[in-house]
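start-v4.cif (mmCIF, C-alpha atoms)
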```cif
data_model
loop_
_atom_site.label_atom_id
_atom_site.label_comp_id
_atom_site.auth_asym_id
_atom_site.auth_seq_id
_atom_site.Cartn_x
_atom_site.Cartn_y
_atom_site.Cartn_z
CA MET A 1 100.76 48.35 62.02
CA GLU A 2 102.17 46.55 59.01
CA VAL A 3 104.71 48.56 57.04
CA ILE A 4 104.13 49.82 53.52
CA ALA A 5 105.39 47.34 50.94
CA PRO A 6 108.71 48.55 49.44
CA PRO A 7 107.43 48.61 45.81
CA ALA A 8 104.46 50.77 46.87
CA ARG A 9 106.77 53.08 48.79
CA ARG A 10 109.01 53.47 45.74
CA VAL A 11 106.06 54.53 43.57
CA LEU A 12 104.98 57.09 46.17
CA GLU A 13 108.51 58.42 46.56
CA ARG A 14 108.98 58.78 42.82
CA LEU A 15 105.78 60.77 42.48
CA GLU A 16 106.75 63.00 45.42
CA ARG A 17 110.27 63.60 44.05
CA ALA A 18 108.64 64.76 40.82
CA GLY A 19 106.66 67.33 42.81
CA TYR A 20 103.29 65.59 43.04
CA GLU A 21 101.25 64.80 46.13
CA ALA A 22 100.74 61.03 46.37
CA TYR A 23 98.98 58.80 48.87
CA LEU A 24 97.97 55.23 49.46
CA VAL A 25 94.21 55.17 49.67
CA GLY A 26 91.25 52.87 50.19
CA GLY A 27 91.42 49.21 51.05
CA CYS A 28 95.19 48.98 51.48
CA VAL A 29 95.17 51.69 54.16
CA ARG A 30 92.17 50.07 55.84
CA ASP A 31 93.99 46.73 55.90
CA LEU A 32 97.20 48.26 57.24
CA LEU A 33 95.27 49.86 60.09
CA LEU A 34 93.66 46.49 60.82
CA ASP A 35 97.11 44.86 60.76
CA ARG A 36 96.11 42.82 57.70
CA ARG A 37 98.22 42.25 54.61
CA PRO A 38 96.72 44.31 51.74
CA GLY A 39 95.73 42.37 48.65
CA ASP A 40 96.39 45.36 46.42
CA TRP A 41 97.77 48.86 46.73
CA ASP A 42 95.88 51.82 45.25
CA ILE A 43 97.49 55.22 44.96
CA THR A 44 95.90 58.62 44.44
CA THR A 45 97.92 61.57 43.25
CA ALA A 46 97.80 65.14 42.03
CA ALA A 47 99.65 64.06 38.87
CA ARG A 48 97.50 63.81 35.77
CA PRO A 49 97.38 60.49 33.90
CA GLU A 50 99.66 61.71 31.12
CA GLU A 51 102.18 62.87 33.72
CA VAL A 52 102.09 59.49 35.45
CA LEU A 53 102.60 57.73 32.12
CA SER A 54 105.55 59.93 31.29
CA LEU A 55 107.12 59.60 34.74
CA PHE A 56 106.96 55.80 34.86
CA ALA A 57 107.42 54.93 31.18
CA PRO A 58 107.87 52.25 29.98
CA GLN A 59 106.64 50.56 33.18
CA ALA A 60 103.16 52.10 32.94
CA ALA A 61 99.98 51.39 31.00
CA ALA A 62 96.87 53.48 30.35
CA THR A 63 94.36 51.01 31.75
CA GLY A 64 91.58 53.35 32.85
CA LEU A 65 92.06 56.81 31.42
CA LYS A 66 88.29 57.42 31.56
CA HIS A 67 88.65 57.40 35.33
CA GLY A 68 92.13 58.94 35.39
CA THR A 69 93.82 55.63 36.19
CA VAL A 70 97.21 54.40 35.07
CA THR A 71 98.68 51.02 36.06
CA VAL A 72 102.29 51.27 37.16
CA PHE A 73 104.50 48.17 37.28
CA GLU A 74 107.20 48.05 39.93
CA GLY A 75 109.09 44.79 39.91
CA ALA A 76 106.57 41.96 40.12
CA ALA A 77 103.90 44.23 41.59
CA SER A 78 101.39 46.53 39.90
CA PHE A 79 99.65 49.61 41.25
CA GLU A 80 96.60 51.54 40.08
CA VAL A 81 97.56 55.20 40.22
CA THR A 82 94.55 57.50 39.92
CA THR A 83 94.38 61.27 39.73
CA PHE A 84 92.19 62.65 42.51
CA ARG A 85 89.43 64.76 41.09
CA LEU A 86 85.93 66.12 41.55
CA ASP A 87 84.28 68.32 38.94
CA GLY A 88 87.61 69.71 37.82
CA THR A 89 88.87 70.35 41.36
CA TYR A 90 92.01 68.35 42.13
CA ALA A 91 92.39 67.78 45.87
CA LEU A 92 92.80 64.89 48.27
CA ALA A 93 89.87 66.03 50.42
CA GLU A 94 87.51 66.07 47.46
CA ASP A 95 88.72 62.64 46.37
CA LEU A 96 88.07 61.13 49.79
CA LYS A 97 84.66 62.78 49.96
CA ARG A 98 83.48 60.75 46.97
CA ARG A 99 84.49 57.33 48.32
CA ASP A 100 81.96 54.77 49.46
CA LEU A 101 82.64 54.01 53.12
CA THR A 102 84.50 55.94 55.79
CA VAL A 103 86.82 52.97 56.40
CA ASN A 104 87.82 53.20 52.72
CA ALA A 105 88.23 56.99 52.78
CA ILE A 106 91.54 57.10 54.62
CA ALA A 107 94.81 58.11 52.96
CA MET A 108 98.43 57.51 53.96
CA ASP A 109 101.58 59.10 52.58
CA GLN A 110 104.91 57.32 52.21
CA ALA A 111 105.98 58.53 55.67
CA GLY A 112 102.96 56.84 57.24
CA GLU A 113 101.08 60.07 57.95
CA ILE A 114 97.31 59.52 57.94
CA THR A 115 94.61 61.74 56.45
CA ASP A 116 91.22 60.74 57.88
CA LEU A 117 88.55 63.38 57.35
CA PHE A 118 85.42 61.31 57.94
CA GLY A 119 86.07 59.27 61.08
CA GLY A 120 87.24 56.14 59.29
CA ARG A 121 89.66 55.08 62.03
CA GLU A 122 86.96 55.44 64.68
CA ASP A 123 84.61 53.31 62.57
CA LEU A 124 87.36 50.70 62.16
CA ALA A 125 87.79 50.57 65.92
CA ARG A 126 84.02 50.22 66.41
CA GLY A 127 83.60 47.66 63.62
CA VAL A 128 81.13 49.86 61.77
CA LEU A 129 80.55 50.36 58.04
CA ARG A 130 79.22 53.84 57.36
CA CYS A 131 78.83 55.66 54.05
CA VAL A 132 80.71 58.89 53.53
CA GLY A 133 78.16 61.71 53.57
CA ARG A 134 74.54 60.88 52.63
CA PRO A 135 74.20 57.10 52.16
CA GLU A 136 71.46 57.45 49.54
CA GLN A 137 73.68 59.65 47.40
CA ARG A 138 76.68 57.33 47.67
CA LEU A 139 74.63 54.28 46.66
CA GLU A 140 72.87 56.06 43.80
CA GLU A 141 76.26 57.07 42.38
CA ASP A 142 77.17 53.40 42.04
CA ALA A 143 74.71 50.74 43.18
CA LEU A 144 77.50 48.16 43.38
CA ARG A 145 78.38 49.87 46.65
CA ILE A 146 75.40 48.04 48.14
CA MET A 147 77.12 44.74 47.43
CA ARG A 148 80.46 46.08 48.60
CA ALA A 149 78.99 47.09 51.96
CA LEU A 150 77.51 43.62 52.46
CA ARG A 151 80.75 42.01 51.32
CA PHE A 152 82.77 43.96 53.89
CA SER A 153 80.23 43.01 56.55
CA SER A 154 80.78 39.35 55.71
CA VAL A 155 84.56 39.51 55.30
CA LEU A 156 85.39 41.81 58.23
CA GLY A 157 82.52 40.95 60.56
CA PHE A 158 81.51 44.63 60.73
CA SER A 159 77.95 45.89 61.10
CA LEU A 160 76.33 48.55 58.94
CA ALA A 161 75.54 51.86 60.63
CA PRO A 162 71.75 52.26 60.95
CA GLU A 163 71.43 54.99 58.31
CA THR A 164 73.64 53.05 55.89
CA ALA A 165 71.66 49.84 56.47
CA ASP A 166 68.39 51.73 55.84
CA ALA A 167 69.77 53.08 52.54
CA VAL A 168 70.91 49.59 51.51
CA PHE A 169 67.41 48.16 52.03
CA GLN A 170 65.68 51.13 50.40
CA GLY A 171 68.00 51.12 47.38
CA LYS A 172 68.19 47.36 46.81
CA SER A 173 66.29 47.54 43.50
CA LEU A 174 69.19 49.59 42.08
CA LEU A 175 71.20 46.36 41.94
CA ARG A 176 69.19 45.33 38.88
CA GLU A 177 70.98 48.07 36.96
CA VAL A 178 74.49 46.79 37.77
CA ALA A 179 76.37 44.55 35.33
CA VAL A 180 76.06 40.88 36.28
CA GLU A 181 79.85 40.43 36.17
CA ARG A 182 80.42 43.14 38.77
CA VAL A 183 77.74 41.74 41.08
CA ARG A 184 79.13 38.22 40.72
CA GLU A 185 82.61 39.31 41.80
CA GLU A 186 81.30 40.93 44.98
CA LEU A 187 78.93 38.04 45.70
CA LEU A 188 81.71 35.46 45.51
CA LYS A 189 83.84 37.46 47.95
CA LEU A 190 80.84 37.84 50.27
CA LEU A 191 80.14 34.11 50.24
CA CYS A 192 83.75 33.40 51.23
CA GLY A 193 83.64 35.80 54.19
CA ARG A 194 84.21 34.53 57.72
CA CYS A 195 80.91 36.08 58.85
CA VAL A 196 78.86 35.07 55.83
CA VAL A 197 75.98 33.48 57.77
CA PRO A 198 74.97 36.64 59.69
CA ALA A 199 75.31 38.68 56.48
CA LEU A 200 73.08 36.26 54.52
CA LEU A 201 70.45 36.16 57.25
CA GLN A 202 70.36 39.90 57.92
CA TYR A 203 70.41 41.01 54.28
CA ALA A 204 68.58 38.19 52.52
CA GLU A 205 65.98 40.68 51.27
CA VAL A 206 68.73 42.71 49.57
CA LEU A 207 70.72 39.77 48.23
CA GLY A 208 67.51 38.23 46.93
CA VAL A 209 67.46 40.91 44.22
CA VAL A 210 70.52 39.30 42.59
CA LEU A 211 70.19 35.79 44.05
CA PRO A 212 66.45 34.97 44.27
CA GLU A 213 67.24 31.41 45.38
CA ILE A 214 68.23 32.72 48.80
CA LEU A 215 64.78 34.09 49.66
CA PRO A 216 63.08 30.81 50.67
#
```
Written as structure tokens, how would this file's structure read?
Amino acid sequence: MEVIAPPARRVLERLERAGYEAYLVGGCVRDLLLDRRPGDWDITTAARPEEVLSLFAPQAAATGLKHGTVTVFEGAASFEVTTFRLDGTYALAEDLKRRDLTVNAIAMDQAGEITDLFGGREDLARGVLRCVGRPEQRLEEDALRIMRALRFSSVLGFSLAPETADAVFQGKSLLREVAVERVREELLKLLCGRCVVPALLQYAEVLGVVLPEILP
């Protein structure tokens, strides 16, 4: 497994020294477990945004306070530090429960200890993309997750679990409600994936909602 980048470790350690739980979460943990170099490092913490801003000032910026996110600059690197939350309840388990896919719902502390409550590591080993909890609920919360699932299928060569694939097909019309810019970003990443052809062929009906030219 690739080691945690030193700047990311320093951010985690500083939060912990201040008395706050802090974890790497999401794609960076997934990539570490796949022995890939993470493109970015997201951190979730018990610290509230104002506490993060105070702790890291002046190397911090309020870039997403609506979502509890502060960007912390450590050397040449930057990290999105987000308070974990769910309906007023601050807890790592609740944060992970609201994430899109099990492979993205894994947390790691600065010592390398893993928190995996939804079988994400098993799905990584099997090459499966599976929504956390009820797929329909996850996709209705943010329809862009449909595109994200297909993007990961293309980039990683993973297959969608049957119930997740069914929800993707059934919820495809929800993509019309997503901002074009957000869809475009996911679509470009999908088209650059190493397994793009199987993804295009298998999910043409879904992708046709945002790219009608693909249907013929």
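Closest approach to Asn104 of chain A among A:Asp42, A:Glu163, A:Glu141, A:Glu51 is made by A:Asp42 (distances from all atoms listed in the file).
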Any chance you could work out the residue set of the PyMOL selection byres ((chain A and resi 143-153) around 7) here, as an MDAnalysis selection string?
-> chainID A and resid 100 139:142 154:159 168 174:175 178 183 186 189:190 199
Arg37 of chain A surroundings by all atoms listed in the file, 12 Å radius, close-in-sequence under 5 positions cut, as a VMD selection string = chain A and resid 1 to 5 27 to 32
Prev. selection, C-alpha atoms, output as a compact mmCIF listing (two decimals), in the coordinates of the input:
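Wrote it out as selection_30.txt, contents follow:
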```
# COMPACT_ATOMS: atom_id res chain seq x y z
CA MET A 1 100.76 48.35 62.02
CA GLU A 2 102.17 46.55 59.01
CA VAL A 3 104.71 48.56 57.04
CA ILE A 4 104.13 49.82 53.52
CA ALA A 5 105.39 47.34 50.94
CA GLY A 27 91.42 49.21 51.05
CA CYS A 28 95.19 48.98 51.48
CA VAL A 29 95.17 51.69 54.16
CA ARG A 30 92.17 50.07 55.84
CA ASP A 31 93.99 46.73 55.90
CA LEU A 32 97.20 48.26 57.24
```
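Counting from atom CA of Glu122 of chain A, the distance to atom CA of Lys172 of chain A is 27.1 Å.
The space between atom CA of Thr164 of chain A and atom CA of Leu129 of chain A spans 7.7 Å.
If you measure from each of A:Ala22, A:Leu15, A:Val81, A:Val210 to Leu55 of chain A using all atoms listed in the file, the closest one turns out to be A:Leu15.
You can rank A:Ala125, A:Arg36, A:Val72, A:Val103 by their closest distance to Ser54 of chain A using all atoms listed in the file, and at the top of that list sits A:Val72.
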Expressed in Å, the length from atom CA of Leu117 of chain A to atom CA of Arg138 of chain A is 16.5 Å
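On the file presented, the PyMOL selection byres ((chain A and resi 204) around 12) picks out A:Met147, A:Leu150, A:Val168, A:Phe169, A:Lys172, A:Val196, A:Val197, A:Pro198, A:Ala199, A:Leu200, A:Leu201, A:Gln202, A:Tyr203, A:Glu205, A:Val206, A:Leu207, A:Gly208, A:Val209, A:Val210, A:Leu211, A:Pro212, A:Glu213, A:Ile214, A:Leu215, A:Pro216.
The shell of residues at most 9 Å from Arg48 of chain A, with only C-alpha atoms counted and near chain neighbours (fewer than 6 positions) removed, consists of Gly68, Thr69, Thr82, Thr83 and Phe84 of chain A.
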Show me as a list of chain:residue names the residues that reach within 8 Å of (98.4, 51.3, 44.8), counting all atoms listed in the file and using the file's own coordinates.
-> A:Ala8, A:Leu24, A:Val25, A:Cys28, A:Asp40, A:Trp41, A:Asp42, A:Ile43, A:Thr44, A:Ser78, A:Phe79, A:Glu80, A:Val81
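The residue that comes closest to Pro49 of chain A, out of A:Gly19, A:Gly75, A:Gly64, A:Pro135 and on the basis of only C-alpha atoms, is A:Gly64.
Once the PyMOL selection byres ((chain A and resi 20) around 10) is applied to this file, the selection holds Leu12, Glu13, Arg14, Leu15, Glu16, Arg17, Ala18, Gly19, Glu21, Ala22, Tyr23, Thr45, Ala46, Ala47, Arg48, Glu51 and Val52 of chain A.
In terms of minimum interatomic distance to Pro58 of chain A, A:Phe73 ranks closest within A:Ala105, A:Leu33, A:Phe73, A:Arg9, counting all atoms listed in the file.
Among the candidates A:Gly26, A:Val128, A:Pro38, A:Asp109, the one nearest to Lys97 of chain A when counting only C-alpha atoms is A:Gly26.
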As an mmCIF file, in the frame of the given file, please: segment 49-74 of chain A completed to N, CA and C atoms.
```cif
data_model
loop_
_atom_site.group_PDB
_atom_site.id
_atom_site.type_symbol
_atom_site.label_atom_id
_atom_site.label_comp_id
_atom_site.auth_asym_id
_atom_site.auth_seq_id
_atom_site.Cartn_x
_atom_site.Cartn_y
_atom_site.Cartn_z
ATOM 1 N N PRO A 49 97.018 61.787 34.494
ATOM 2 C CA PRO A 49 97.380 60.490 33.900
ATOM 3 C C PRO A 49 98.558 60.570 32.920
ATOM 4 N N GLU A 50 98.566 61.597 32.078
ATOM 5 C CA GLU A 50 99.660 61.710 31.120
ATOM 6 C C GLU A 50 100.998 61.956 31.798
ATOM 7 N N GLU A 51 100.948 62.629 32.958
ATOM 8 C CA GLU A 51 102.180 62.870 33.720
ATOM 9 C C GLU A 51 102.665 61.581 34.382
ATOM 10 N N VAL A 52 101.726 60.778 34.851
ATOM 11 C CA VAL A 52 102.090 59.490 35.450
ATOM 12 C C VAL A 52 102.696 58.581 34.375
ATOM 13 N N LEU A 53 102.076 58.550 33.210
ATOM 14 C CA LEU A 53 102.600 57.730 32.120
ATOM 15 C C LEU A 53 104.005 58.143 31.744
ATOM 16 N N SER A 54 104.228 59.432 31.660
ATOM 17 C CA SER A 54 105.550 59.930 31.290
ATOM 18 C C SER A 54 106.573 59.627 32.375
ATOM 19 N N LEU A 55 106.189 59.784 33.629
ATOM 20 C CA LEU A 55 107.120 59.600 34.740
ATOM 21 C C LEU A 55 107.565 58.153 34.887
ATOM 22 N N PHE A 56 106.654 57.208 34.619
ATOM 23 C CA PHE A 56 106.960 55.800 34.860
ATOM 24 C C PHE A 56 107.212 54.994 33.586
ATOM 25 N N ALA A 57 107.169 55.645 32.435
ATOM 26 C CA ALA A 57 107.420 54.930 31.180
ATOM 27 C C ALA A 57 108.801 54.274 31.219
ATOM 28 N N PRO A 58 108.907 53.055 30.662
ATOM 29 C CA PRO A 58 107.870 52.250 29.980
ATOM 30 C C PRO A 58 107.119 51.308 30.919
ATOM 31 N N GLN A 59 107.306 51.458 32.240
ATOM 32 C CA GLN A 59 106.640 50.560 33.180
ATOM 33 C C GLN A 59 105.270 51.111 33.603
ATOM 34 N N ALA A 60 104.490 51.561 32.651
ATOM 35 C CA ALA A 60 103.160 52.100 32.940
ATOM 36 C C ALA A 60 102.248 51.848 31.755
ATOM 37 N N ALA A 61 100.960 51.653 32.049
ATOM 38 C CA ALA A 61 99.980 51.390 31.000
ATOM 39 C C ALA A 61 98.707 52.162 31.279
ATOM 40 N N ALA A 62 98.121 52.713 30.226
ATOM 41 C CA ALA A 62 96.870 53.480 30.350
ATOM 42 C C ALA A 62 95.713 52.488 30.405
ATOM 43 N N THR A 63 95.378 52.045 31.595
ATOM 44 C CA THR A 63 94.360 51.010 31.750
ATOM 45 C C THR A 63 92.970 51.545 32.086
ATOM 46 N N GLY A 64 92.886 52.800 32.483
ATOM 47 C CA GLY A 64 91.580 53.350 32.850
ATOM 48 C C GLY A 64 91.547 54.851 32.742
ATOM 49 N N LEU A 65 91.948 55.359 31.585
ATOM 50 C CA LEU A 65 92.060 56.810 31.420
ATOM 51 C C LEU A 65 90.723 57.521 31.617
ATOM 52 N N LYS A 66 89.613 56.823 31.343
ATOM 53 C CA LYS A 66 88.290 57.420 31.560
ATOM 54 C C LYS A 66 88.120 57.842 33.004
ATOM 55 N N HIS A 67 88.742 57.093 33.900
ATOM 56 C CA HIS A 67 88.650 57.400 35.330
ATOM 57 C C HIS A 67 89.948 57.986 35.873
ATOM 58 N N GLY A 68 90.871 58.344 34.966
ATOM 59 C CA GLY A 68 92.130 58.940 35.390
ATOM 60 C C GLY A 68 93.109 57.954 35.979
ATOM 61 N N THR A 69 92.997 56.684 35.585
ATOM 62 C CA THR A 69 93.820 55.630 36.190
ATOM 63 C C THR A 69 94.884 55.112 35.241
ATOM 64 N N VAL A 70 96.080 54.985 35.784
ATOM 65 C CA VAL A 70 97.210 54.400 35.070
ATOM 66 C C VAL A 70 97.740 53.256 35.935
ATOM 67 N N THR A 71 98.064 52.123 35.317
ATOM 68 C CA THR A 71 98.680 51.020 36.060
ATOM 69 C C THR A 71 100.190 51.134 35.950
ATOM 70 N N VAL A 72 100.834 51.165 37.096
ATOM 71 C CA VAL A 72 102.290 51.270 37.160
ATOM 72 C C VAL A 72 102.848 49.930 37.637
ATOM 73 N N PHE A 73 103.866 49.435 36.929
ATOM 74 C CA PHE A 73 104.500 48.170 37.280
ATOM 75 C C PHE A 73 105.836 48.442 37.952
ATOM 76 N N GLU A 74 105.967 47.882 39.145
ATOM 77 C CA GLU A 74 107.200 48.050 39.930
ATOM 78 C C GLU A 74 107.655 46.668 40.351
#
```
